$ cat entry.cif   # mmCIF, C-alpha atoms
data_query
#
loop_
_atom_site.label_atom_id
_atom_site.label_comp_id
_atom_site.auth_asym_id
_atom_site.auth_seq_id
_atom_site.Cartn_x
_atom_site.Cartn_y
_atom_site.Cartn_z
CA MET A 1 -38.14 64.31 -7.13
CA PRO A 2 -41.31 62.46 -8.12
CA ASP A 3 -41.24 58.67 -8.01
CA ILE A 4 -40.73 57.54 -11.61
CA ARG A 5 -42.54 54.30 -12.43
CA THR A 6 -41.17 52.12 -15.17
CA GLU A 7 -42.63 49.22 -17.08
CA THR A 8 -40.57 46.19 -18.06
CA MET A 9 -40.49 44.73 -21.53
CA THR A 10 -39.98 41.06 -22.44
CA VAL A 11 -37.98 40.38 -25.58
CA ASN A 12 -36.49 37.35 -27.30
CA MET A 13 -32.80 37.25 -28.10
CA GLY A 14 -32.35 34.30 -30.45
CA PRO A 15 -32.67 31.57 -31.44
CA GLN A 16 -31.68 33.15 -34.79
CA HIS A 17 -29.51 35.90 -33.29
CA PRO A 18 -25.98 35.81 -34.79
CA SER A 19 -24.32 36.42 -31.42
CA THR A 20 -25.91 33.59 -29.43
CA HIS A 21 -23.33 31.16 -30.86
CA GLY A 22 -25.89 28.79 -32.23
CA VAL A 23 -29.60 28.34 -31.73
CA LEU A 24 -29.82 29.55 -28.13
CA ARG A 25 -32.90 31.53 -27.14
CA LEU A 26 -32.88 34.00 -24.26
CA VAL A 27 -36.15 35.41 -22.93
CA LEU A 28 -35.05 38.71 -21.41
CA GLU A 29 -37.07 41.02 -19.16
CA LEU A 30 -35.76 44.55 -19.67
CA ASP A 31 -36.15 47.68 -17.60
CA GLY A 32 -34.87 50.12 -20.18
CA GLU A 33 -31.36 48.82 -20.97
CA VAL A 34 -31.06 46.84 -17.73
CA ILE A 35 -31.81 43.10 -17.59
CA ARG A 36 -34.13 42.17 -14.73
CA SER A 37 -34.50 38.46 -15.54
CA ALA A 38 -33.30 36.01 -18.15
CA VAL A 39 -34.44 32.53 -19.09
CA PRO A 40 -32.16 30.52 -21.41
CA THR A 41 -34.12 28.14 -23.67
CA ILE A 42 -32.29 25.21 -25.22
CA GLY A 43 -33.30 22.27 -27.40
CA TYR A 44 -33.45 23.88 -30.84
CA LEU A 45 -30.43 21.88 -32.06
CA HIS A 46 -31.31 18.52 -30.53
CA THR A 47 -29.59 15.77 -32.51
CA GLY A 48 -30.19 12.67 -30.38
CA ILE A 49 -26.55 11.66 -30.69
CA GLU A 50 -26.47 9.84 -27.35
CA LYS A 51 -29.46 7.70 -28.35
CA THR A 52 -28.17 7.17 -31.89
CA ALA A 53 -24.93 5.79 -30.43
CA GLU A 54 -26.87 2.81 -29.06
CA GLN A 55 -27.57 1.67 -32.63
CA LYS A 56 -23.92 1.87 -33.74
CA LYS A 57 -20.94 -0.40 -33.25
CA TRP A 58 -18.36 0.88 -30.78
CA GLN A 59 -16.02 2.31 -33.44
CA GLN A 60 -18.91 3.87 -35.37
CA VAL A 61 -19.72 6.21 -32.47
CA ILE A 62 -16.53 8.24 -33.01
CA PRO A 63 -17.89 10.34 -35.94
CA LEU A 64 -21.03 11.04 -33.87
CA VAL A 65 -19.28 12.37 -30.75
CA GLU A 66 -17.05 14.55 -32.95
CA ARG A 67 -20.17 16.35 -34.20
CA MET A 68 -21.44 17.16 -30.71
CA ASP A 69 -18.87 19.85 -30.00
CA TYR A 70 -17.63 20.62 -33.48
CA LEU A 71 -14.82 22.86 -32.16
CA SER A 72 -13.55 20.09 -29.89
CA ALA A 73 -13.99 17.13 -32.23
CA GLN A 74 -10.77 15.27 -31.49
CA SER A 75 -10.93 15.90 -27.74
CA ASN A 76 -14.43 14.37 -27.76
CA SER A 77 -13.44 11.29 -29.74
CA MET A 78 -10.36 10.86 -27.54
CA ALA A 79 -12.44 10.95 -24.34
CA TYR A 80 -14.95 8.48 -25.76
CA ALA A 81 -12.21 6.13 -26.98
CA MET A 82 -10.53 6.24 -23.57
CA ALA A 83 -13.79 5.31 -21.83
CA VAL A 84 -14.18 2.24 -24.07
CA GLU A 85 -10.48 1.38 -23.64
CA LYS A 86 -11.01 1.45 -19.88
CA LEU A 87 -13.77 -1.14 -20.24
CA LEU A 88 -11.52 -3.24 -22.49
CA GLY A 89 -8.61 -2.96 -20.07
CA LEU A 90 -6.26 -1.70 -22.79
CA GLU A 91 -2.91 -0.06 -22.03
CA LEU A 92 -1.80 2.20 -24.86
CA PRO A 93 1.79 2.35 -26.11
CA GLU A 94 3.71 5.51 -25.12
CA ARG A 95 3.92 6.73 -28.71
CA VAL A 96 0.13 6.57 -29.06
CA LYS A 97 -0.34 8.55 -25.84
CA ASN A 98 2.03 11.24 -27.05
CA ILE A 99 0.29 11.46 -30.44
CA ARG A 100 -3.02 11.94 -28.67
CA VAL A 101 -1.56 14.70 -26.48
CA LEU A 102 -0.25 16.43 -29.61
CA ILE A 103 -3.62 16.21 -31.40
CA ALA A 104 -5.61 17.30 -28.31
CA GLU A 105 -3.48 20.40 -27.77
CA LEU A 106 -3.70 21.39 -31.43
CA GLN A 107 -7.48 21.01 -31.09
CA ARG A 108 -7.46 23.28 -28.02
CA ILE A 109 -5.60 25.97 -29.97
CA ASN A 110 -8.05 25.53 -32.87
CA SER A 111 -11.07 26.02 -30.60
CA HIS A 112 -9.58 29.02 -28.78
CA LEU A 113 -8.72 30.72 -32.09
CA VAL A 114 -12.36 30.42 -33.22
CA TRP A 115 -13.49 31.70 -29.83
CA LEU A 116 -11.14 34.68 -29.85
CA GLY A 117 -12.02 35.62 -33.42
CA THR A 118 -15.81 35.46 -32.99
CA HIS A 119 -15.77 37.07 -29.53
CA GLY A 120 -13.59 39.91 -30.79
CA MET A 121 -15.87 40.50 -33.76
CA GLU A 122 -18.96 40.64 -31.53
CA VAL A 123 -17.51 43.42 -29.38
CA GLY A 124 -16.30 45.39 -32.40
CA ALA A 125 -12.76 44.10 -33.05
CA VAL A 126 -13.30 42.78 -36.57
CA SER A 127 -9.57 42.62 -37.37
CA VAL A 128 -9.05 40.05 -34.61
CA MET A 129 -11.52 37.70 -36.31
CA LEU A 130 -9.68 37.96 -39.62
CA TYR A 131 -6.32 37.34 -37.96
CA CYS A 132 -7.50 34.35 -35.88
CA PHE A 133 -9.21 32.63 -38.79
CA ARG A 134 -6.06 33.10 -40.86
CA GLU A 135 -4.13 30.95 -38.36
CA ARG A 136 -7.02 28.56 -37.91
CA GLU A 137 -6.94 27.78 -41.63
CA LEU A 138 -3.38 26.55 -41.17
CA LEU A 139 -4.58 24.25 -38.39
CA LEU A 140 -7.30 22.87 -40.63
CA ASN A 141 -4.61 22.22 -43.23
CA LEU A 142 -2.82 20.11 -40.60
CA ASN A 143 -6.05 18.14 -40.03
CA GLU A 144 -6.33 17.58 -43.77
CA MET A 145 -2.72 16.43 -43.89
CA LEU A 146 -3.34 14.10 -40.95
CA ALA A 147 -6.56 12.40 -42.01
CA GLY A 148 -7.95 13.96 -45.18
CA PHE A 149 -10.72 15.92 -43.42
CA ARG A 150 -10.51 19.46 -42.10
CA LEU A 151 -13.21 19.77 -39.43
CA PHE A 152 -14.01 16.18 -38.37
CA PRO A 153 -10.88 14.10 -39.00
CA SER A 154 -12.11 10.98 -37.11
CA TYR A 155 -8.43 10.24 -36.54
CA MET A 156 -8.90 8.78 -33.05
CA ARG A 157 -9.67 5.10 -32.79
CA ILE A 158 -10.42 2.78 -29.89
CA GLY A 159 -6.99 1.33 -29.20
CA GLY A 160 -4.98 4.10 -30.83
CA VAL A 161 -5.25 6.27 -33.91
CA ARG A 162 -6.35 5.50 -37.46
CA GLU A 163 -2.92 5.47 -39.10
CA ASP A 164 0.59 6.72 -38.54
CA LEU A 165 1.46 10.40 -38.75
CA PRO A 166 2.05 11.44 -42.37
CA ARG A 167 5.48 12.24 -43.71
CA GLY A 168 6.45 15.84 -42.94
CA PHE A 169 3.86 16.26 -40.17
CA HIS A 170 6.43 17.08 -37.48
CA GLU A 171 7.93 19.86 -39.59
CA ALA A 172 4.51 21.28 -40.53
CA VAL A 173 3.40 21.42 -36.87
CA ARG A 174 6.66 23.07 -35.77
CA GLU A 175 6.31 25.67 -38.51
CA PHE A 176 2.73 26.41 -37.40
CA ILE A 177 3.44 26.79 -33.67
CA ASN A 178 6.49 28.98 -34.37
CA ARG A 179 4.25 31.24 -36.42
CA LEU A 180 1.40 31.20 -33.88
CA GLU A 181 3.72 32.20 -31.03
CA VAL A 182 4.43 35.46 -32.85
CA LYS A 183 0.84 36.01 -33.91
CA LEU A 184 -0.49 35.64 -30.35
CA GLY A 185 1.45 38.80 -29.54
CA GLU A 186 -0.34 40.56 -32.41
CA TYR A 187 -3.75 39.51 -31.07
CA GLU A 188 -2.84 40.86 -27.64
CA ASP A 189 -1.59 44.13 -29.16
CA LEU A 190 -5.06 44.58 -30.66
CA LEU A 191 -7.06 43.79 -27.52
CA THR A 192 -5.25 43.69 -24.18
CA LYS A 193 -4.82 47.47 -23.80
CA ASN A 194 -7.58 48.50 -26.19
CA GLU A 195 -9.71 51.03 -24.27
CA ILE A 196 -12.94 50.07 -26.04
CA TYR A 197 -12.37 46.35 -25.41
CA ILE A 198 -11.49 46.97 -21.76
CA LYS A 199 -14.69 48.97 -21.20
CA ARG A 200 -16.76 46.26 -22.89
CA THR A 201 -15.26 43.41 -20.83
CA GLN A 202 -13.82 44.43 -17.43
CA THR A 203 -16.26 43.91 -14.49
CA VAL A 204 -18.80 42.52 -17.02
CA GLY A 205 -20.32 39.07 -16.39
CA ALA A 206 -18.24 38.53 -13.25
CA ILE A 207 -18.56 35.39 -11.13
CA THR A 208 -16.86 34.39 -7.89
CA ALA A 209 -14.92 31.18 -7.39
CA GLU A 210 -17.55 29.96 -4.93
CA ASN A 211 -20.39 30.53 -7.39
CA ALA A 212 -18.41 28.93 -10.21
CA ILE A 213 -18.06 25.76 -8.12
CA THR A 214 -21.74 25.92 -7.11
CA TRP A 215 -22.83 26.08 -10.77
CA GLY A 216 -20.47 23.25 -11.71
CA LEU A 217 -18.50 25.50 -14.06
CA VAL A 218 -15.15 24.24 -15.29
CA GLY A 219 -12.43 25.16 -17.75
CA PRO A 220 -11.51 28.78 -18.56
CA ILE A 221 -14.66 30.17 -16.89
CA ALA A 222 -13.78 28.64 -13.52
CA ARG A 223 -10.05 29.33 -13.84
CA ALA A 224 -10.77 33.01 -14.61
CA ALA A 225 -12.53 33.14 -11.23
CA GLY A 226 -9.61 31.56 -9.38
CA VAL A 227 -10.56 27.85 -9.42
CA PRO A 228 -7.35 26.01 -10.48
CA TYR A 229 -9.19 22.87 -11.62
CA ASP A 230 -7.73 21.17 -14.70
CA VAL A 231 -8.32 17.48 -15.42
CA ARG A 232 -4.81 17.18 -16.85
CA LYS A 233 -3.40 18.03 -13.41
CA VAL A 234 -6.05 16.65 -11.02
CA PHE A 235 -6.73 13.34 -12.81
CA PRO A 236 -3.74 12.97 -15.17
CA TYR A 237 -4.20 10.87 -18.30
CA LEU A 238 -2.01 10.05 -21.32
CA GLY A 239 1.08 10.86 -19.26
CA TYR A 240 0.25 14.56 -18.80
CA GLU A 241 1.90 14.35 -15.37
CA THR A 242 5.24 13.97 -17.17
CA TYR A 243 4.78 17.17 -19.22
CA ASP A 244 5.90 20.62 -18.12
CA PHE A 245 2.99 23.08 -18.20
CA THR A 246 1.09 25.37 -15.85
CA VAL A 247 -2.62 26.03 -15.33
CA PRO A 248 -3.23 29.79 -15.74
CA THR A 249 -5.71 31.37 -13.32
CA ARG A 250 -7.10 34.83 -12.60
CA THR A 251 -9.28 36.12 -9.78
CA GLU A 252 -11.50 38.75 -11.43
CA GLY A 253 -13.93 36.23 -12.97
CA ASP A 254 -15.11 38.67 -15.65
CA VAL A 255 -15.14 38.61 -19.46
CA TYR A 256 -11.68 40.20 -19.63
CA ALA A 257 -10.21 37.56 -17.32
CA ARG A 258 -11.65 34.78 -19.49
CA TYR A 259 -9.96 36.35 -22.50
CA GLN A 260 -6.62 36.44 -20.63
CA ILE A 261 -6.99 32.80 -19.55
CA ARG A 262 -7.63 31.49 -23.07
CA VAL A 263 -4.69 33.38 -24.56
CA ALA A 264 -2.47 32.03 -21.77
CA GLU A 265 -3.82 28.52 -22.43
CA MET A 266 -2.81 28.77 -26.09
CA ARG A 267 0.73 29.58 -24.98
CA GLU A 268 0.73 26.55 -22.66
CA SER A 269 -0.60 24.37 -25.49
CA ILE A 270 2.30 25.50 -27.67
CA LYS A 271 4.69 24.32 -24.94
CA LEU A 272 2.89 20.96 -24.76
CA VAL A 273 2.91 20.53 -28.55
CA ARG A 274 6.67 21.07 -28.64
CA GLN A 275 7.25 18.52 -25.87
CA ALA A 276 4.96 15.97 -27.56
CA LEU A 277 6.75 16.41 -30.90
CA ASP A 278 10.09 15.75 -29.23
CA ARG A 279 8.73 12.49 -27.77
CA ILE A 280 7.17 11.10 -30.97
CA PRO A 281 9.51 9.26 -33.36
CA PRO A 282 8.55 9.96 -37.01
CA ILE A 283 7.72 6.26 -37.57
CA GLY A 284 6.44 3.70 -35.07
CA ILE A 285 3.47 2.10 -33.31
CA TYR A 286 0.12 3.90 -33.67
CA ALA A 287 -2.31 1.34 -32.13
CA VAL A 288 -2.37 -1.49 -29.60
CA ALA A 289 -1.30 -4.85 -30.94
CA ASP A 290 -4.61 -6.50 -30.04
CA PRO A 291 -6.16 -8.51 -32.90
CA ARG A 292 -9.64 -8.15 -31.30
CA ILE A 293 -9.57 -4.39 -31.75
CA THR A 294 -6.97 -3.38 -34.32
CA PRO A 295 -7.30 -4.46 -37.97
CA PRO A 296 -4.16 -6.05 -39.43
CA PRO A 297 -1.91 -4.03 -41.79
CA LYS A 298 -3.09 -3.88 -45.38
CA ASP A 299 -0.06 -5.76 -46.71
CA ARG A 300 -1.07 -8.75 -44.55
CA VAL A 301 -4.74 -8.43 -45.55
CA TYR A 302 -3.73 -8.73 -49.21
CA THR A 303 -1.49 -11.77 -48.67
CA GLU A 304 -2.84 -13.80 -45.69
CA MET A 305 -6.26 -15.45 -45.40
CA GLU A 306 -6.28 -15.17 -41.57
CA ALA A 307 -5.60 -11.42 -41.76
CA LEU A 308 -8.35 -11.00 -44.39
CA ILE A 309 -10.86 -12.79 -42.14
CA GLN A 310 -9.82 -10.72 -39.13
CA HIS A 311 -10.15 -7.50 -41.15
CA PHE A 312 -13.59 -8.53 -42.41
CA LEU A 313 -14.89 -9.43 -38.93
CA ILE A 314 -13.71 -6.20 -37.29
CA HIS A 315 -15.19 -3.99 -40.01
CA SER A 316 -18.45 -5.91 -40.48
CA GLN A 317 -19.33 -7.02 -36.94
CA GLY A 318 -17.12 -4.81 -34.79
CA PHE A 319 -15.85 -6.14 -31.48
CA THR A 320 -17.49 -6.91 -28.16
CA VAL A 321 -16.73 -4.99 -24.97
CA PRO A 322 -16.93 -6.67 -21.53
CA GLN A 323 -19.98 -5.84 -19.47
CA GLY A 324 -19.45 -2.83 -17.22
CA GLU A 325 -19.47 0.94 -16.91
CA ALA A 326 -16.64 3.47 -17.22
CA TYR A 327 -16.39 7.26 -17.05
CA VAL A 328 -13.32 9.06 -18.40
CA PRO A 329 -12.93 12.86 -18.34
CA VAL A 330 -10.46 14.92 -20.36
CA GLU A 331 -9.66 18.62 -20.30
CA GLY A 332 -11.31 19.88 -23.46
CA PRO A 333 -11.20 23.48 -24.70
CA ARG A 334 -14.31 24.30 -22.65
CA GLY A 335 -13.31 22.32 -19.55
CA GLU A 336 -14.05 18.84 -18.30
CA GLN A 337 -15.49 16.85 -21.18
CA GLY A 338 -16.29 13.33 -20.04
CA PHE A 339 -17.98 10.26 -21.47
CA THR A 340 -19.71 7.42 -19.68
CA ALA A 341 -19.76 4.17 -21.63
CA ILE A 342 -21.98 1.32 -20.43
CA SER A 343 -21.65 -2.10 -22.04
CA ASP A 344 -23.92 -5.14 -21.81
CA GLY A 345 -21.23 -7.30 -23.37
CA SER A 346 -22.34 -6.82 -26.99
CA ASN A 347 -20.75 -5.08 -29.97
CA ARG A 348 -22.77 -1.89 -29.35
CA PRO A 349 -22.98 0.55 -26.42
CA TRP A 350 -25.91 -0.12 -24.12
CA ARG A 351 -25.67 3.55 -23.13
CA MET A 352 -23.34 6.42 -23.95
CA LYS A 353 -23.61 9.63 -21.93
CA ALA A 354 -21.59 12.84 -22.29
CA ARG A 355 -20.76 15.37 -19.59
CA SER A 356 -21.08 18.65 -21.44
CA PRO A 357 -19.33 21.80 -20.13
CA SER A 358 -21.42 23.96 -22.49
CA LEU A 359 -24.67 22.84 -20.85
CA LEU A 360 -23.47 23.94 -17.42
CA ALA A 361 -22.29 27.25 -18.85
CA CYS A 362 -25.77 27.86 -20.29
CA GLN A 363 -27.26 27.00 -16.91
CA ALA A 364 -25.17 29.70 -15.22
CA LEU A 365 -25.77 32.31 -17.91
CA GLU A 366 -28.71 33.92 -16.11
CA SER A 367 -26.62 34.66 -13.02
CA LEU A 368 -23.95 36.31 -15.19
CA ILE A 369 -26.18 38.74 -17.10
CA VAL A 370 -29.02 39.74 -14.75
CA GLY A 371 -28.41 43.27 -13.48
CA GLY A 372 -26.24 44.17 -16.45
CA GLN A 373 -26.90 46.00 -19.69
CA ILE A 374 -28.44 44.30 -22.72
CA ALA A 375 -25.31 45.21 -24.71
CA ASP A 376 -23.26 43.18 -22.20
CA VAL A 377 -25.21 39.99 -23.00
CA ILE A 378 -23.27 39.64 -26.27
CA ALA A 379 -19.92 39.94 -24.52
CA VAL A 380 -20.91 37.46 -21.79
CA ILE A 381 -22.27 34.79 -24.16
CA GLY A 382 -19.11 35.05 -26.20
CA SER A 383 -16.91 34.77 -23.12
CA ILE A 384 -18.44 31.50 -21.86
CA ASP A 385 -17.78 29.89 -25.24
CA VAL A 386 -20.83 27.66 -25.54
CA VAL A 387 -21.27 25.29 -28.47
CA MET A 388 -24.94 24.46 -28.85
CA GLY A 389 -24.27 21.07 -30.43
CA ASP A 390 -22.63 20.18 -27.12
CA VAL A 391 -25.71 21.33 -25.22
CA ASP A 392 -28.47 19.76 -27.34
CA ARG A 393 -26.95 16.36 -27.90
#

$ encode --input "entry.cif" --output "structure tokens"
Amino acid sequence: MPDIRTETMTVNMGPQHPSTHGVLRLVLELDGEVIRSAVPTIGYLHTGIEKTAEQKKWQQVIPLVERMDYLSAQSNSMAYAMAVEKLLGLELPERVKNIRVLIAELQRINSHLVWLGTHGMEVGAVSVMLYCFRERELLLNLNEMLAGFRLFPSYMRIGGVREDLPRGFHEAVREFINRLEVKLGEYEDLLTKNEIYIKRTQTVGAITAENAITWGLVGPIARAAGVPYDVRKVFPYLGYETYDFTVPTRTEGDVYARYQIRVAEMRESIKLVRQALDRIPPIGIYAVADPRITPPPKDRVYTEMEALIQHFLIHSQGFTVPQGEAYVPVEGPRGEQGFTAISDGSNRPWRMKARSPSLLACQALESLIVGGQIADVIAVIGSIDVVMGDVDR
């Protein structure tokens, strides 16, 4: 047969493409349908949150870090608060730790539901998106019940949480997780043995455990390749070592394995939520009893001059943090989400730096899609679950 010569074509996918999960631009070199090279371009959503944090008082940074990864808002604010608490040398009450575990696991379920719905829609399973967002609405109702806001509750505080759990919260959470446990089976009925979904995802975007470690990948991407790294197990925090849960892993490392990992993680989060609920009395302590950090109760503010002065000082001038540096990681929905807080002894961070799992996932994207079909790019981007606000902070 004669030697057929082909010519490659360079095309842009994004930054306005609906399936790049935000303003991510990919410069793709195509040989027909096959990708020969790919260059991810980031920076279109740059917010300067890390720099802005230097102009804010320590507590004021919490709404900022929640807006970095908007699907992991409360995990972000929890990690940041824990980094500052480490500098302050605070030891949280057990009830506060258990409340944080409860909120973090509900946030993980929230994020995975959005991921599953959008990923399913992008590969043609529109019903899955409708089902997942139906349950996610119930989770947002819980956020509204908890703090009055649905997407960015700002419920975490340095030294604890903003206020006690509302009346009826335990019952509402139990009702939700009982419902979700059944609905997860429905999602799997739609996808797990679906021939179209299997063909779109199995052997697509595969990565080995060795390469996952080399690229610094964490969370569901690494665990789908066989790397059993989970911050909750390796560097336990908030008493996670006392909870009964497992870290699901697979070995295939492809898009299908990442789907299986995230569904399994939602089941583990349901187990953790139940255990946390059993440990949290309906009424009790929700912050450290440290007058430097925690404002006094409102009934004291209205009746005692000293409490009024303390309340005024904390809210107008903030509090100072001893000079030093601390890094605290947590296991967010996308993997290890850590914050470095550096203090010069003032009432504002000298530097705040985030370790973003989405940035590392974008970095590895080229190795996942080169050699594959252009149609597979959509499935791969969806499977790594990047949030561009987390990348361009």

$ resolve_selection --input "entry.cif" --expression "the PyMOL selection byres ((chain A and resi 193-203) around 12)" --output "MDAnalysis selection string"
chainID A and resid 119:126 128 186:192 204:208 225 251:260 368:369 372:383

$ atom_distance --input "entry.cif" --atom1 "atom CA of Arg250 of chain A" --atom2 "atom CA of Gly185 of chain A"
19.4 Å

$ closest_residue --input "entry.cif" --among "A:Phe149, A:Arg267, A:Ala222, A:Pro18" --to "Ile109 of chain A" --atoms "only C-alpha atoms"
A:Arg267

$ resolve_selection --input "entry.cif" --expression "the PyMOL selection byres ((chain A and resi 112) around 9)" --output "PyMOL selection string"
chain A and resi 71+107-111+113-117+262-263+265-266+333+385

$ resolve_selection --input "entry.cif" --expression "the PyMOL selection byres ((chain A and resi 25) around 7)" --output "list in words"
Asn12, Met13, Gly14, Pro15, Val23, Leu24, Leu26, Val27, Pro40, Thr41 and Ile42 of chain A
